[in-house]
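What follows is a set of notes on a single structure, which appears directly below.
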Amino acid sequence: MHDWIQEFCGAVTVCDEKGIILEMNDKAARTFEKEGGTSLIGCSVLDCHPEPARTKLSELLRSQSSNIYTIEKNGIRKLVYQSPWYQGNRFAGLVEIILEIPAEMPYFVRK
């Protein structure tokens with residue numbers, strides 16, 4: 001993982017094509033501290049999620065597709081962006097980026 005991403009304000013977790021967690025930045029380690037933090041590296045991302053999220057992640061790995069949604073947890077709104085990454089045009093796994101978002105934010109339509 002590049003140095004700049006370690007201190008990036010969003011949680012970044014990377015897994016391989018089988019769902020094995022390869023990397024987590026500092027924010028991801030703090031976000032998932034109760035679940036094990038960086039000790040999750042080398043574990044299956046599928047084991048970190050209950051149903052129906054486990055099935056959804058399994059489908060994302062199979063179909064090599066994206067999943068984007070917002071959640072609110074403990075009064076904090078977050079954007080969750082799960083998307084494939086590639087190495088030399090070969091599917092290499094998924095990247096999950098979680099960003100905290102304000103309760104109200106501007107929305108622009110640009111031409």
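Quick note on naming: the chains in the structure tokens go A, B, ... in the order shown, residues restart at 1 in each chain, and ligands are numbered from 1 in order of appearance.
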
Inset, instruction - Enumerate, as a PyMOL selection string, the complete set of residues in stretch 74-108 of chain A that a backbone-based DSSP assignment places in strand (DSSP E or B). - result: chain A and resi 76-87+90-101

Show me, as a PDB file with C-alpha atoms, in the first residue's frame, the residues that have an atom within 7 Å of stretch 17-34 of chain A when counting only C-alpha atoms, minus same-chain residues fewer than 4 positions from it.
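Here's the written file result.pdb:
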ATOM      1  CA  ILE A   5      -3.030   5.967   1.903  1.00  0.00           C
ATOM      2  CA  GLN A   6      -2.010   4.845   5.407  1.00  0.00           C
ATOM      3  CA  GLU A   7      -3.090   8.209   6.861  1.00  0.00           C
ATOM      4  CA  CYS A   9      -9.158   9.897   6.244  1.00  0.00           C
ATOM      5  CA  GLY A  10     -11.230   7.022   4.846  1.00  0.00           C
ATOM      6  CA  ALA A  11     -11.015   3.348   5.768  1.00  0.00           C
ATOM      7  CA  VAL A  12      -9.419   1.368   2.923  1.00  0.00           C
ATOM      8  CA  THR A  13      -9.420  -2.437   2.913  1.00  0.00           C
ATOM      9  CA  THR A  38      -4.781  -5.448  11.332  1.00  0.00           C
ATOM     10  CA  LEU A  40      -7.690  -9.469  10.026  1.00  0.00           C
ATOM     11  CA  ILE A  41      -5.038  -9.319   7.291  1.00  0.00           C
ATOM     12  CA  GLY A  42      -4.790 -12.861   5.915  1.00  0.00           C
ATOM     13  CA  CYS A  43      -8.379 -13.688   6.922  1.00  0.00           C
ATOM     14  CA  SER A  44     -11.373 -14.065   4.635  1.00  0.00           C
ATOM     15  CA  VAL A  45     -13.468 -10.929   4.297  1.00  0.00           C
ATOM     16  CA  LEU A  46     -16.475 -13.259   4.104  1.00  0.00           C
ATOM     17  CA  LEU A  61     -16.262 -11.446  -5.913  1.00  0.00           C
ATOM     18  CA  PHE A  91      -9.439  -9.348 -11.676  1.00  0.00           C
ATOM     19  CA  ALA A  92      -7.385  -9.181  -8.477  1.00  0.00           C
ATOM     20  CA  GLY A  93     -10.056  -8.648  -5.807  1.00  0.00           C
TER      21      GLY A  93
END

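Going from atom CA of A:Arg54 over to atom CA of A:Leu99, you cover 20.8 Å.
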
Legend entry - Selection: 10 Å around A:Pro102, only C-alpha atoms, excl. self and same-chain fewer than 6 positions, as a PyMOL selection string: chain A and resi 76-78

Within 9 Å of A:Ser83, counting only C-alpha atoms, which residues show up once you throw out same-chain ones fewer than 3 positions away? Write them as a compact mmCIF listing (two decimals) with N, CA and C atoms, in the first residue's frame, please.
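Ended up saving to around_30.txt:
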# COMPACT_ATOMS: atom_id res chain seq x y z
N LEU A 60 -20.23 -10.25 -5.22
CA LEU A 60 -19.34 -9.22 -5.79
C LEU A 60 -18.03 -9.84 -6.28
N GLN A 64 -17.44 -9.81 -10.09
CA GLN A 64 -16.46 -8.74 -10.28
C GLN A 64 -17.16 -7.40 -10.47
N SER A 65 -18.12 -7.13 -9.60
CA SER A 65 -18.91 -5.91 -9.73
C SER A 65 -18.79 -5.04 -8.48
N SER A 66 -19.39 -3.86 -8.55
CA SER A 66 -19.33 -2.87 -7.48
C SER A 66 -20.60 -2.86 -6.65
N ASN A 67 -20.48 -2.35 -5.43
CA ASN A 67 -21.60 -2.17 -4.53
C ASN A 67 -21.36 -0.85 -3.81
N ILE A 68 -22.27 0.09 -3.95
CA ILE A 68 -22.12 1.41 -3.37
C ILE A 68 -23.39 1.76 -2.61
N GLY A 93 -9.33 -8.68 -7.07
CA GLY A 93 -10.06 -8.65 -5.81
C GLY A 93 -10.93 -7.42 -5.67
N LEU A 94 -11.22 -7.06 -4.43
CA LEU A 94 -12.09 -5.92 -4.15
C LEU A 94 -11.38 -4.91 -3.25
N VAL A 95 -11.72 -3.66 -3.44
CA VAL A 95 -11.30 -2.58 -2.55
C VAL A 95 -12.55 -2.02 -1.91
N GLU A 96 -12.51 -1.85 -0.59
CA GLU A 96 -13.61 -1.20 0.11
C GLU A 96 -13.08 0.11 0.69
N ILE A 97 -13.78 1.20 0.36
CA ILE A 97 -13.45 2.51 0.90
C ILE A 97 -14.67 3.00 1.66

Legend entry - alpha helix (DSSP H) positions in chain A, given as a VMD selection string: chain A and resid 3 to 6 26 to 31 53 to 63

Export N, CA and C atoms of the chosen residues as a PDB file, in the first residue's frame?
ATOM      1  N   ASP A   3       2.360   4.861   0.835  1.00  0.00           N
ATOM      2  CA  ASP A   3       2.459   5.544   2.122  1.00  0.00           C
ATOM      3  C   ASP A   3       1.317   6.528   2.372  1.00  0.00           C
ATOM      4  N   TRP A   4       0.914   7.287   1.343  1.00  0.00           N
ATOM      5  CA  TRP A   4      -0.096   8.329   1.550  1.00  0.00           C
ATOM      6  C   TRP A   4      -1.427   7.743   2.009  1.00  0.00           C
ATOM      7  N   ILE A   5      -1.720   6.549   1.592  1.00  0.00           N
ATOM      8  CA  ILE A   5      -3.030   5.967   1.903  1.00  0.00           C
ATOM      9  C   ILE A   5      -3.127   5.510   3.359  1.00  0.00           C
ATOM     10  N   GLN A   6      -1.981   5.274   4.014  1.00  0.00           N
ATOM     11  CA  GLN A   6      -2.010   4.845   5.407  1.00  0.00           C
ATOM     12  C   GLN A   6      -2.708   5.865   6.296  1.00  0.00           C
ATOM     13  N   ASP A  26      -4.588   2.676   8.191  1.00  0.00           N
ATOM     14  CA  ASP A  26      -4.735   2.960   9.621  1.00  0.00           C
ATOM     15  C   ASP A  26      -6.194   3.155  10.023  1.00  0.00           C
ATOM     16  N   LYS A  27      -6.962   3.883   9.191  1.00  0.00           N
ATOM     17  CA  LYS A  27      -8.375   4.151   9.506  1.00  0.00           C
ATOM     18  C   LYS A  27      -9.183   2.849   9.506  1.00  0.00           C
ATOM     19  N   ALA A  28      -8.925   1.969   8.554  1.00  0.00           N
ATOM     20  CA  ALA A  28      -9.628   0.678   8.513  1.00  0.00           C
ATOM     21  C   ALA A  28      -9.284  -0.152   9.752  1.00  0.00           C
ATOM     22  N   ALA A  29      -8.026  -0.146  10.154  1.00  0.00           N
ATOM     23  CA  ALA A  29      -7.613  -0.888  11.350  1.00  0.00           C
ATOM     24  C   ALA A  29      -8.348  -0.365  12.577  1.00  0.00           C
ATOM     25  N   ARG A  30      -8.495   0.972  12.687  1.00  0.00           N
ATOM     26  CA  ARG A  30      -9.227   1.548  13.825  1.00  0.00           C
ATOM     27  C   ARG A  30     -10.722   1.248  13.720  1.00  0.00           C
ATOM     28  N   THR A  31     -11.268   1.341  12.515  1.00  0.00           N
ATOM     29  CA  THR A  31     -12.695   1.100  12.296  1.00  0.00           C
ATOM     30  C   THR A  31     -13.073  -0.323  12.694  1.00  0.00           C
ATOM     31  N   ALA A  53     -24.882  -9.748   4.229  1.00  0.00           N
ATOM     32  CA  ALA A  53     -23.695  -9.087   3.667  1.00  0.00           C
ATOM     33  C   ALA A  53     -22.684 -10.104   3.134  1.00  0.00           C
ATOM     34  N   ARG A  54     -22.551 -11.245   3.798  1.00  0.00           N
ATOM     35  CA  ARG A  54     -21.603 -12.277   3.348  1.00  0.00           C
ATOM     36  C   ARG A  54     -21.953 -12.754   1.947  1.00  0.00           C
ATOM     37  N   THR A  55     -23.234 -13.027   1.720  1.00  0.00           N
ATOM     38  CA  THR A  55     -23.673 -13.476   0.397  1.00  0.00           C
ATOM     39  C   THR A  55     -23.455 -12.377  -0.636  1.00  0.00           C
ATOM     40  N   LYS A  56     -23.722 -11.132  -0.268  1.00  0.00           N
ATOM     41  CA  LYS A  56     -23.520 -10.004  -1.179  1.00  0.00           C
ATOM     42  C   LYS A  56     -22.050  -9.891  -1.581  1.00  0.00           C
ATOM     43  N   LEU A  57     -21.134  -9.987  -0.613  1.00  0.00           N
ATOM     44  CA  LEU A  57     -19.709  -9.914  -0.923  1.00  0.00           C
ATOM     45  C   LEU A  57     -19.260 -11.090  -1.789  1.00  0.00           C
ATOM     46  N   SER A  58     -19.772 -12.262  -1.511  1.00  0.00           N
ATOM     47  CA  SER A  58     -19.457 -13.436  -2.319  1.00  0.00           C
ATOM     48  C   SER A  58     -19.882 -13.213  -3.771  1.00  0.00           C
ATOM     49  N   GLU A  59     -21.042 -12.623  -3.946  1.00  0.00           N
ATOM     50  CA  GLU A  59     -21.536 -12.311  -5.298  1.00  0.00           C
ATOM     51  C   GLU A  59     -20.668 -11.249  -5.971  1.00  0.00           C
ATOM     52  N   LEU A  60     -20.228 -10.247  -5.219  1.00  0.00           N
ATOM     53  CA  LEU A  60     -19.338  -9.222  -5.795  1.00  0.00           C
ATOM     54  C   LEU A  60     -18.035  -9.842  -6.282  1.00  0.00           C
ATOM     55  N   LEU A  61     -17.483 -10.764  -5.495  1.00  0.00           N
ATOM     56  CA  LEU A  61     -16.262 -11.446  -5.913  1.00  0.00           C
ATOM     57  C   LEU A  61     -16.515 -12.289  -7.162  1.00  0.00           C
ATOM     58  N   ARG A  62     -17.637 -12.990  -7.200  1.00  0.00           N
ATOM     59  CA  ARG A  62     -17.956 -13.844  -8.349  1.00  0.00           C
ATOM     60  C   ARG A  62     -18.191 -13.031  -9.611  1.00  0.00           C
ATOM     61  N   SER A  63     -18.979 -11.959  -9.481  1.00  0.00           N
ATOM     62  CA  SER A  63     -19.378 -11.169 -10.648  1.00  0.00           C
ATOM     63  C   SER A  63     -18.406 -10.040 -10.979  1.00  0.00           C
TER      64      SER A  63
END

Inset, instruction - Using atom CA of A:His2 and atom CA of A:Gly37 as the two end points, give the distance in Å to one decimal. - result: 18.7 Å

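Distances to A:Lys73 were evaluated for A:Pro52, A:Ile101, A:Arg90, A:Asp16 using only C-alpha atoms, and the minimum falls at A:Ile101.
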